[in-house]
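J.: Here you go, this is work_26.pdb (PDB, C-alpha atoms).
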ATOM      1  CA  MET A 587      16.017  -2.450  45.488
ATOM      2  CA  SER A 588      14.544  -1.496  42.099
ATOM      3  CA  LYS A 589      11.277   0.321  41.692
ATOM      4  CA  ARG A 590       8.548  -1.235  39.633
ATOM      5  CA  LYS A 591       6.892   0.675  36.876
ATOM      6  CA  PRO A 592       3.374   1.711  37.771
ATOM      7  CA  ASN A 593       0.522  -0.075  36.020
ATOM      8  CA  ASN A 594      -0.558   1.887  32.957
ATOM      9  CA  MET A 595      -3.840   0.489  31.673
ATOM     10  CA  ARG A 596      -3.814   2.557  28.455
ATOM     11  CA  VAL A 597      -0.375   1.248  27.402
ATOM     12  CA  ARG A 598      -1.406  -2.288  28.224
ATOM     13  CA  MET A 599      -4.591  -1.981  26.142
ATOM     14  CA  GLU A 600      -2.571  -0.569  23.208
ATOM     15  CA  ARG A 601      -0.187  -3.508  23.382
ATOM     16  CA  VAL A 602      -3.045  -6.026  23.455
ATOM     17  CA  SER A 603      -4.778  -4.292  20.536
ATOM     18  CA  ARG A 604      -1.633  -4.251  18.402
ATOM     19  CA  ALA A 605      -1.034  -7.922  19.150
ATOM     20  CA  LYS A 606      -4.607  -8.752  18.106
ATOM     21  CA  LEU A 607      -4.287  -6.781  14.860
ATOM     22  CA  ASN A 608      -0.937  -8.386  14.029
ATOM     23  CA  ALA A 609      -2.169 -11.893  14.840
ATOM     24  CA  HIS A 610      -5.193 -11.530  12.549
ATOM     25  CA  HIS A 611      -3.306  -9.578   9.821
ATOM     26  CA  VAL A 612      -6.055  -6.958   9.810
ATOM     27  CA  ALA A 613      -6.448  -4.503   6.954
ATOM     28  CA  VAL A 614      -9.197  -1.964   6.344
ATOM     29  CA  ILE A 615     -10.363  -1.922   2.727
ATOM     30  CA  GLN A 616     -12.612   0.311   0.673
ATOM     31  CA  ILE A 617     -13.581  -0.075  -2.974
ATOM     32  CA  ASP A 618     -15.492   2.269  -5.251
ATOM     33  CA  PRO A 619     -17.944   2.669  -6.985
ATOM     34  CA  SER A 620     -19.839   0.222  -4.761
ATOM     35  CA  GLY A 621     -18.577   1.937  -1.602
ATOM     36  CA  ARG A 622     -17.901  -1.380   0.118
ATOM     37  CA  GLN A 623     -15.796  -0.956   3.236
ATOM     38  CA  GLY A 624     -14.716  -3.538   5.758
ATOM     39  CA  MET A 625     -11.912  -5.431   7.412
ATOM     40  CA  ILE A 626     -10.060  -8.308   5.827
ATOM     41  CA  ASN A 627      -7.171 -10.597   6.700
ATOM     42  CA  TRP A 628      -4.626  -9.471   4.101
ATOM     43  CA  LYS A 629      -2.701 -12.773   4.221
ATOM     44  CA  SER A 630      -5.558 -15.248   3.866
ATOM     45  CA  CYS A 631      -7.986 -12.826   2.117
ATOM     46  CA  GLU A 632     -10.806 -13.815   4.450
ATOM     47  CA  SER A 633     -13.299 -11.238   5.609
ATOM     48  CA  ILE A 634     -13.090 -10.300   9.286
ATOM     49  CA  ARG A 635     -16.431 -10.127  11.003
ATOM     50  CA  PRO A 636     -17.112  -6.611  12.268
ATOM     51  CA  GLY A 637     -16.975  -6.441  16.027
ATOM     52  CA  GLN A 638     -16.611  -3.800  18.667
ATOM     53  CA  ARG A 639     -13.251  -4.985  20.008
ATOM     54  CA  MET A 640     -11.664  -5.203  16.563
ATOM     55  CA  ALA A 641     -13.046  -1.783  15.598
ATOM     56  CA  GLU A 642     -11.704  -0.289  18.833
ATOM     57  CA  ALA A 643      -8.302  -1.856  18.201
ATOM     58  CA  VAL A 644      -8.159  -0.214  14.768
ATOM     59  CA  CYS A 645      -9.723   3.166  15.545
ATOM     60  CA  ASP A 646      -8.951   4.033  19.170
ATOM     61  CA  PHE A 647      -5.162   3.723  19.096
ATOM     62  CA  ALA A 648      -2.530   5.372  16.929
ATOM     63  CA  HIS A 649      -0.670   3.057  14.561
ATOM     64  CA  ARG A 650       2.054   3.245  11.953
ATOM     65  CA  TRP A 651      -0.021   2.787   8.814
ATOM     66  CA  THR A 652       0.753   1.421   5.384
ATOM     67  CA  ILE A 653      -1.759   2.441   2.716
ATOM     68  CA  TYR A 654      -1.989   0.755  -0.679
ATOM     69  CA  VAL A 655      -4.068   2.772  -3.174
ATOM     70  CA  SER A 656      -5.020   1.162  -6.469
ATOM     71  CA  VAL A 657      -7.106   1.753  -9.600
ATOM     72  CA  GLN A 658      -8.244  -1.339 -11.489
ATOM     73  CA  CYS A 659      -8.675  -0.995 -15.235
ATOM     74  CA  ARG A 660      -9.637  -3.137 -18.209
ATOM     75  CA  ASP A 661      -8.450  -2.164 -21.690
ATOM     76  CA  GLN A 662     -10.455  -2.460 -24.921
ATOM     77  CA  ASN A 663      -9.155  -6.022 -25.417
ATOM     78  CA  GLY A 664     -10.387  -7.108 -22.003
ATOM     79  CA  HIS A 665      -6.946  -7.330 -20.363
ATOM     80  CA  ARG A 666      -6.873  -6.400 -16.704
ATOM     81  CA  TYR A 667      -4.283  -4.043 -15.283
ATOM     82  CA  SER A 668      -3.941  -1.817 -12.255
ATOM     83  CA  LYS A 669      -2.122   1.341 -11.273
ATOM     84  CA  SER A 670      -1.031   1.357  -7.660
ATOM     85  CA  VAL A 671       0.849   3.418  -5.096
ATOM     86  CA  GLU A 672       1.925   2.471  -1.595
ATOM     87  CA  VAL A 673       2.087   5.251   1.000
ATOM     88  CA  ALA A 674       3.539   4.995   4.503
ATOM     89  CA  PRO A 675       3.023   8.222   6.464
ATOM     90  CA  GLN A 676       5.745   8.940   9.006
ATOM     91  CA  GLY A 677       4.644   8.657  12.632
ATOM     92  CA  ASN A 678       1.682   7.177  14.448
ATOM     93  CA  TYR A 679      -1.796   8.196  13.334
ATOM     94  CA  LEU A 680      -5.325   7.506  14.441
ATOM     95  CA  ALA A 681      -7.508   6.033  11.709
ATOM     96  CA  ALA A 682      -9.596   9.225  11.642
ATOM     97  CA  HIS A 683      -6.534  11.345  10.804
ATOM     98  CA  LEU A 684      -5.613   9.329   7.694
ATOM     99  CA  GLU A 685      -8.378  10.808   5.582
ATOM    100  CA  ASN A 686      -6.225  13.592   4.097
ATOM    101  CA  VAL A 687      -3.360  11.272   3.144
ATOM    102  CA  ILE A 688      -5.672   8.745   1.517
ATOM    103  CA  GLU A 689      -7.802  11.380  -0.204
ATOM    104  CA  GLU A 690      -4.847  13.179  -1.826
ATOM    105  CA  THR A 691      -3.163  10.039  -3.114
ATOM    106  CA  TYR A 692      -6.468   8.508  -4.186
ATOM    107  CA  LYS A 693      -7.564  11.541  -6.227
ATOM    108  CA  ASP A 694      -4.161  11.854  -7.919
ATOM    109  CA  LEU A 695      -4.105   8.182  -8.906
ATOM    110  CA  VAL A 696      -7.692   8.233 -10.222
ATOM    111  CA  ALA A 697      -6.914  11.381 -12.241
ATOM    112  CA  GLU A 698      -3.899   9.636 -13.838
ATOM    113  CA  SER A 699      -5.914   6.611 -14.936
ATOM    114  CA  ASN A 700      -7.801   6.331 -18.218
ATOM    115  CA  PRO A 701     -11.506   6.974 -17.468
ATOM    116  CA  ASN A 702     -12.568   4.705 -20.356
ATOM    117  CA  HIS A 703     -10.627   1.772 -18.874
ATOM    118  CA  ARG A 704     -11.416   2.352 -15.179
ATOM    119  CA  VAL A 705     -13.478  -0.434 -13.606
ATOM    120  CA  ALA A 706     -12.950   0.281  -9.927
ATOM    121  CA  SER A 707     -10.651   1.921  -7.443
ATOM    122  CA  GLY A 708      -9.897   1.435  -3.788
ATOM    123  CA  TRP A 709      -7.420   1.343  -0.967
ATOM    124  CA  ILE A 710      -6.089  -1.038   1.635
ATOM    125  CA  ALA A 711      -4.929   0.438   4.956
ATOM    126  CA  ILE A 712      -2.871  -1.796   7.234
ATOM    127  CA  PRO A 713      -2.235  -0.658  10.834
ATOM    128  CA  ALA A 714       1.368  -1.894  10.744
ATOM    129  CA  GLU A 715       4.585  -1.295   8.850
ATOM    130  CA  VAL A 716       3.990  -3.957   6.213
ATOM    131  CA  SER A 717       4.711  -3.606   2.525
ATOM    132  CA  LEU A 718       2.303  -5.426   0.226
ATOM    133  CA  THR A 719       3.466  -6.880  -3.054
ATOM    134  CA  GLU A 720       1.338  -6.327  -6.137
ATOM    135  CA  GLU A 721       0.273  -9.982  -6.066
ATOM    136  CA  GLN A 722      -0.868  -9.779  -2.427
ATOM    137  CA  ALA A 723      -2.833  -6.591  -3.071
ATOM    138  CA  ALA A 724      -4.397  -8.091  -6.208
ATOM    139  CA  ARG A 725      -5.521 -11.154  -4.221
ATOM    140  CA  VAL A 726      -7.102  -8.919  -1.553
ATOM    141  CA  PHE A 727      -8.929  -6.842  -4.165
ATOM    142  CA  ASP A 728     -10.077 -10.007  -5.967
ATOM    143  CA  ALA A 729     -11.376 -11.442  -2.682
ATOM    144  CA  VAL A 730     -13.681  -8.458  -2.164
ATOM    145  CA  GLY A 731     -14.986  -8.620  -5.739
ATOM    146  CA  VAL A 732     -13.449  -5.514  -7.234
ATOM    147  CA  TRP A 733     -13.589  -6.831 -10.823
ATOM    148  CA  GLY A 734     -17.267  -7.747 -10.629
ATOM    149  CA  GLN A 735     -18.434  -4.161 -10.227
ATOM    150  CA  GLN A 736     -20.064  -1.975 -12.834
ATOM    151  CA  ARG A 737     -17.885   0.387 -14.859
ATOM    152  CA  VAL A 738     -17.487   3.901 -13.484
ATOM    153  CA  ALA A 739     -19.383   6.448 -15.580
TER     154      ALA A 739
END
For the structure just supplied, provide its representation as structure tokens.

T.:
Amino acid sequence: MSKRKPNNMRVRMERVSRAKLNAHHVAVIQIDPSGRQGMINWKSCESIRPGQRMAEAVCDFAHRWTIYVSVQCRDQNGHRYSKSVEVAPQGNYLAAHLENVIEETYKDLVAESNPNHRVASGWIAIPAEVSLTEEQAARVFDAVGVWGQQRVA
């Protein structure tokens, strides 16, 4: 006769949270200089209403994150372009522990960009091992109004 595994509520809650995040294609996004931060469905580019359960699913459990950092620029002729980097830290991290990874990459990318062309900058953090294409990331940034911001001084 085989023994059953004991009920582990924490593991079960992690599994439910990951399933919810994957089903809704959740991504956390922040754009500067406006400082807008929120959650968005990275496939449909629809804003996800902030709620306690969704916030707990993102923040309370460790995930394998994919972070897409981007600087949006407009040259003197008015042509839009962006400089982007995708980072995937090895291992599972809580959302609170990602600050150093995002901060380093973000500062390096902003320093590389032309300050006269810079319109905005931001990042998209996805709590899953998903690689965004440039087109997908551009659609997400467009959906949150990154190009409508004031130029960075």

J.: Leaving out A:Lys669 and any residue of its chain fewer than 5 positions from it, which residues lie within 9 Å of it when counting all atoms listed in the file, given as a ChimeraX atom specification?

T.: /A:655-659,695-696,698-699

J.: So for stretch 619-626 of chain A, what box centre and size do we get, axis-aligned, 5 Å extra on each of the six sides, every listed atom, Å to one decimal, as lines of an AutoDock Vina configuration file?

T.:
center_x = -14.9
center_y = -2.8
center_z = 0.2
size_x = 19.8
size_y = 21.0
size_z = 24.4

J.: Given the file shown, determine the residues that the PyMOL selection byres ((chain A and resi 633) around 12) selects; report them as number ranges by chain.

T.: A: 610-615, 623-632, 634-636, 726-727, 729-731

J.: Do you have the atom CA of A:Leu607-atom CA of A:Gly677 distance handy?

T.: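 Atom-to-atom, atom CA of A:Leu607 to atom CA of A:Gly677, that is 18.0 Å.
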
J.: So, with only C-alpha atoms as the atoms that count, which of A:Gly734, A:Gly708, A:Pro713, A:Pro619 lies closest to A:Cys645?

T.: A:Pro713

J.: Between A:Ser707, A:Thr652, A:Thr691, A:Gln722, which is the closest to A:Pro675 once you count only C-alpha atoms?

T.: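 Looking at the shortest contact to A:Pro675, the residue is A:Thr652.
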
J.: Check the smallest atom-to-atom distance from each of A:Ala609, A:Val732, A:Ala674, A:Ile688 to A:Glu715 using only C-alpha atoms, then report the winner.

T.: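 Selected residue with least distance to A:Glu715: A:Ala674.
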
J.: Evaluate the PyMOL selection byres ((chain A and resi 687) around 12) here and jot the selected residues down as an MDAnalysis selection string.

T.: chainID A and resid 651:655 672:676 679 681:686 688:694 709 711

J.: Check which residues satisfy the PyMOL selection byres ((chain A and resi 593-606) around 9) in the file shown, then give them as a list in words.

T.: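 When the PyMOL selection byres ((chain A and resi 593-606) around 9) is applied to the shown file, the picked residues are Arg590, Lys591, Pro592, Leu607, Asn608, Ala609, His610, His611, Val612, Arg639, Met640, Glu642, Ala643, Val644, Asp646, Phe647, Ala648, His649, Pro713 and Ala714 of chain A.
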
J.: For the residues selected in the previous step, produce a file with C-alpha atoms as a PDB file, keeping the file's coordinate frame.

T.:
ATOM      1  CA  ARG A 590       8.548  -1.235  39.633  1.00  0.00           C
ATOM      2  CA  LYS A 591       6.892   0.675  36.876  1.00  0.00           C
ATOM      3  CA  PRO A 592       3.374   1.711  37.771  1.00  0.00           C
ATOM      4  CA  LEU A 607      -4.287  -6.781  14.860  1.00  0.00           C
ATOM      5  CA  ASN A 608      -0.937  -8.386  14.029  1.00  0.00           C
ATOM      6  CA  ALA A 609      -2.169 -11.893  14.840  1.00  0.00           C
ATOM      7  CA  HIS A 610      -5.193 -11.530  12.549  1.00  0.00           C
ATOM      8  CA  HIS A 611      -3.306  -9.578   9.821  1.00  0.00           C
ATOM      9  CA  VAL A 612      -6.055  -6.958   9.810  1.00  0.00           C
ATOM     10  CA  ARG A 639     -13.251  -4.985  20.008  1.00  0.00           C
ATOM     11  CA  MET A 640     -11.664  -5.203  16.563  1.00  0.00           C
ATOM     12  CA  GLU A 642     -11.704  -0.289  18.833  1.00  0.00           C
ATOM     13  CA  ALA A 643      -8.302  -1.856  18.201  1.00  0.00           C
ATOM     14  CA  VAL A 644      -8.159  -0.214  14.768  1.00  0.00           C
ATOM     15  CA  ASP A 646      -8.951   4.033  19.170  1.00  0.00           C
ATOM     16  CA  PHE A 647      -5.162   3.723  19.096  1.00  0.00           C
ATOM     17  CA  ALA A 648      -2.530   5.372  16.929  1.00  0.00           C
ATOM     18  CA  HIS A 649      -0.670   3.057  14.561  1.00  0.00           C
ATOM     19  CA  PRO A 713      -2.235  -0.658  10.834  1.00  0.00           C
ATOM     20  CA  ALA A 714       1.368  -1.894  10.744  1.00  0.00           C
TER      21      ALA A 714
END

J.: Work out how far atom CA of A:Gln662 is from atom CA of A:His703, in Å to one decimal.

T.: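 For atom CA of A:His703 relative to atom CA of A:Gln662, the distance reads 7.4 Å.
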
J.: Interatomic distance between atom CA of A:Leu680 and atom CA of A:Thr719?

T.: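 Atom CA of A:Leu680 sits 24.3 Å away from atom CA of A:Thr719.
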
J.: Let me make sure I understand: among A:Val716, A:Gly664, A:Pro701, A:Ser588, which one has the smallest atom-to-atom distance to A:Arg650 if we use all atoms listed in the file?

T.: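 Under the stated criterion, the closest residue is A:Val716.
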
J.: Skip A:Asp661 itself and residues of its chain fewer than 4 positions away, then list as a PDB file with C-alpha atoms, in the frame of the given file all residues within 12 Å of it, counting only C-alpha atoms.

T.:
ATOM      1  CA  HIS A 665      -6.946  -7.330 -20.363  1.00  0.00           C
ATOM      2  CA  ARG A 666      -6.873  -6.400 -16.704  1.00  0.00           C
ATOM      3  CA  TYR A 667      -4.283  -4.043 -15.283  1.00  0.00           C
ATOM      4  CA  SER A 668      -3.941  -1.817 -12.255  1.00  0.00           C
ATOM      5  CA  SER A 699      -5.914   6.611 -14.936  1.00  0.00           C
ATOM      6  CA  ASN A 700      -7.801   6.331 -18.218  1.00  0.00           C
ATOM      7  CA  PRO A 701     -11.506   6.974 -17.468  1.00  0.00           C
ATOM      8  CA  ASN A 702     -12.568   4.705 -20.356  1.00  0.00           C
ATOM      9  CA  HIS A 703     -10.627   1.772 -18.874  1.00  0.00           C
ATOM     10  CA  ARG A 704     -11.416   2.352 -15.179  1.00  0.00           C
ATOM     11  CA  VAL A 705     -13.478  -0.434 -13.606  1.00  0.00           C
ATOM     12  CA  ARG A 737     -17.885   0.387 -14.859  1.00  0.00           C
TER      13      ARG A 737
END

J.: When distances are computed from all atoms listed in the file, which of A:Ala641, A:Ala706, A:Ala697, A:Val671 shows the smallest separation from A:Ala723?

T.: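 Comparing A:Ala641, A:Ala706, A:Ala697, A:Val671 against A:Ala723, the winner is A:Val671.
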
J.: Could you give me stretch 684-715 of chain A completed to N, CA and C atoms, formatted as a PDB file, keeping the file's coordinate frame?

T.:
ATOM      1  N   LEU A 684      -6.199   9.792   8.956  1.00  0.00           N
ATOM      2  CA  LEU A 684      -5.613   9.329   7.694  1.00  0.00           C
ATOM      3  C   LEU A 684      -6.366   9.831   6.470  1.00  0.00           C
ATOM      4  N   GLU A 685      -7.506  10.414   6.687  1.00  0.00           N
ATOM      5  CA  GLU A 685      -8.378  10.808   5.582  1.00  0.00           C
ATOM      6  C   GLU A 685      -7.665  11.695   4.562  1.00  0.00           C
ATOM      7  N   ASN A 686      -6.903  12.678   5.019  1.00  0.00           N
ATOM      8  CA  ASN A 686      -6.225  13.592   4.097  1.00  0.00           C
ATOM      9  C   ASN A 686      -5.184  12.880   3.254  1.00  0.00           C
ATOM     10  N   VAL A 687      -4.410  12.003   3.872  1.00  0.00           N
ATOM     11  CA  VAL A 687      -3.360  11.272   3.144  1.00  0.00           C
ATOM     12  C   VAL A 687      -3.984  10.380   2.079  1.00  0.00           C
ATOM     13  N   ILE A 688      -5.016   9.653   2.459  1.00  0.00           N
ATOM     14  CA  ILE A 688      -5.672   8.745   1.517  1.00  0.00           C
ATOM     15  C   ILE A 688      -6.343   9.536   0.402  1.00  0.00           C
ATOM     16  N   GLU A 689      -7.052  10.585   0.770  1.00  0.00           N
ATOM     17  CA  GLU A 689      -7.802  11.380  -0.204  1.00  0.00           C
ATOM     18  C   GLU A 689      -6.897  11.984  -1.277  1.00  0.00           C
ATOM     19  N   GLU A 690      -5.782  12.570  -0.878  1.00  0.00           N
ATOM     20  CA  GLU A 690      -4.847  13.179  -1.826  1.00  0.00           C
ATOM     21  C   GLU A 690      -4.301  12.150  -2.814  1.00  0.00           C
ATOM     22  N   THR A 691      -3.762  11.080  -2.277  1.00  0.00           N
ATOM     23  CA  THR A 691      -3.163  10.039  -3.114  1.00  0.00           C
ATOM     24  C   THR A 691      -4.207   9.397  -4.017  1.00  0.00           C
ATOM     25  N   TYR A 692      -5.373   9.156  -3.469  1.00  0.00           N
ATOM     26  CA  TYR A 692      -6.468   8.508  -4.186  1.00  0.00           C
ATOM     27  C   TYR A 692      -6.902   9.361  -5.380  1.00  0.00           C
ATOM     28  N   LYS A 693      -7.123  10.652  -5.150  1.00  0.00           N
ATOM     29  CA  LYS A 693      -7.564  11.541  -6.227  1.00  0.00           C
ATOM     30  C   LYS A 693      -6.505  11.663  -7.324  1.00  0.00           C
ATOM     31  N   ASP A 694      -5.238  11.757  -6.934  1.00  0.00           N
ATOM     32  CA  ASP A 694      -4.161  11.854  -7.919  1.00  0.00           C
ATOM     33  C   ASP A 694      -4.090  10.602  -8.790  1.00  0.00           C
ATOM     34  N   LEU A 695      -4.203   9.441  -8.163  1.00  0.00           N
ATOM     35  CA  LEU A 695      -4.105   8.182  -8.906  1.00  0.00           C
ATOM     36  C   LEU A 695      -5.307   7.996  -9.833  1.00  0.00           C
ATOM     37  N   VAL A 696      -6.499   8.348  -9.380  1.00  0.00           N
ATOM     38  CA  VAL A 696      -7.692   8.233 -10.222  1.00  0.00           C
ATOM     39  C   VAL A 696      -7.593   9.196 -11.400  1.00  0.00           C
ATOM     40  N   ALA A 697      -7.063  10.396 -11.162  1.00  0.00           N
ATOM     41  CA  ALA A 697      -6.914  11.381 -12.241  1.00  0.00           C
ATOM     42  C   ALA A 697      -5.920  10.910 -13.303  1.00  0.00           C
ATOM     43  N   GLU A 698      -4.900  10.147 -12.899  1.00  0.00           N
ATOM     44  CA  GLU A 698      -3.899   9.636 -13.838  1.00  0.00           C
ATOM     45  C   GLU A 698      -4.416   8.488 -14.699  1.00  0.00           C
ATOM     46  N   SER A 699      -5.434   7.794 -14.212  1.00  0.00           N
ATOM     47  CA  SER A 699      -5.914   6.611 -14.936  1.00  0.00           C
ATOM     48  C   SER A 699      -6.835   7.011 -16.091  1.00  0.00           C
ATOM     49  N   ASN A 700      -6.944   6.118 -17.056  1.00  0.00           N
ATOM     50  CA  ASN A 700      -7.801   6.331 -18.218  1.00  0.00           C
ATOM     51  C   ASN A 700      -9.259   6.103 -17.806  1.00  0.00           C
ATOM     52  N   PRO A 701     -10.116   7.132 -17.910  1.00  0.00           N
ATOM     53  CA  PRO A 701     -11.506   6.974 -17.468  1.00  0.00           C
ATOM     54  C   PRO A 701     -12.287   5.942 -18.283  1.00  0.00           C
ATOM     55  N   ASN A 702     -11.877   5.702 -19.534  1.00  0.00           N
ATOM     56  CA  ASN A 702     -12.568   4.705 -20.356  1.00  0.00           C
ATOM     57  C   ASN A 702     -12.213   3.281 -19.946  1.00  0.00           C
ATOM     58  N   HIS A 703     -11.074   3.096 -19.297  1.00  0.00           N
ATOM     59  CA  HIS A 703     -10.627   1.772 -18.874  1.00  0.00           C
ATOM     60  C   HIS A 703     -10.958   1.488 -17.414  1.00  0.00           C
ATOM     61  N   ARG A 704     -11.246   2.498 -16.630  1.00  0.00           N
ATOM     62  CA  ARG A 704     -11.416   2.352 -15.179  1.00  0.00           C
ATOM     63  C   ARG A 704     -12.641   1.503 -14.847  1.00  0.00           C
ATOM     64  N   VAL A 705     -12.405   0.439 -14.070  1.00  0.00           N
ATOM     65  CA  VAL A 705     -13.478  -0.434 -13.606  1.00  0.00           C
ATOM     66  C   VAL A 705     -13.799  -0.113 -12.155  1.00  0.00           C
ATOM     67  N   ALA A 706     -12.765   0.033 -11.354  1.00  0.00           N
ATOM     68  CA  ALA A 706     -12.950   0.281  -9.927  1.00  0.00           C
ATOM     69  C   ALA A 706     -11.690   0.919  -9.367  1.00  0.00           C
ATOM     70  N   SER A 707     -11.805   1.383  -8.147  1.00  0.00           N
ATOM     71  CA  SER A 707     -10.651   1.921  -7.443  1.00  0.00           C
ATOM     72  C   SER A 707     -10.855   1.651  -5.966  1.00  0.00           C
ATOM     73  N   GLY A 708      -9.767   1.700  -5.212  1.00  0.00           N
ATOM     74  CA  GLY A 708      -9.897   1.435  -3.788  1.00  0.00           C
ATOM     75  C   GLY A 708      -8.577   1.547  -3.075  1.00  0.00           C
ATOM     76  N   TRP A 709      -8.632   1.296  -1.779  1.00  0.00           N
ATOM     77  CA  TRP A 709      -7.420   1.343  -0.967  1.00  0.00           C
ATOM     78  C   TRP A 709      -7.472   0.288   0.121  1.00  0.00           C
ATOM     79  N   ILE A 710      -6.270  -0.086   0.538  1.00  0.00           N
ATOM     80  CA  ILE A 710      -6.089  -1.038   1.635  1.00  0.00           C
ATOM     81  C   ILE A 710      -5.217  -0.330   2.664  1.00  0.00           C
ATOM     82  N   ALA A 711      -5.700  -0.206   3.889  1.00  0.00           N
ATOM     83  CA  ALA A 711      -4.929   0.438   4.956  1.00  0.00           C
ATOM     84  C   ALA A 711      -4.611  -0.611   6.024  1.00  0.00           C
ATOM     85  N   ILE A 712      -3.320  -0.798   6.265  1.00  0.00           N
ATOM     86  CA  ILE A 712      -2.871  -1.796   7.234  1.00  0.00           C
ATOM     87  C   ILE A 712      -2.269  -1.071   8.434  1.00  0.00           C
ATOM     88  N   PRO A 713      -2.752  -1.345   9.646  1.00  0.00           N
ATOM     89  CA  PRO A 713      -2.235  -0.658  10.834  1.00  0.00           C
ATOM     90  C   PRO A 713      -0.908  -1.237  11.326  1.00  0.00           C
ATOM     91  N   ALA A 714       0.036  -1.375  10.423  1.00  0.00           N
ATOM     92  CA  ALA A 714       1.368  -1.894  10.744  1.00  0.00           C
ATOM     93  C   ALA A 714       2.312  -1.485   9.624  1.00  0.00           C
ATOM     94  N   GLU A 715       3.595  -1.604   9.878  1.00  0.00           N
ATOM     95  CA  GLU A 715       4.585  -1.295   8.850  1.00  0.00           C
ATOM     96  C   GLU A 715       4.830  -2.552   8.012  1.00  0.00           C
TER      97      GLU A 715
END
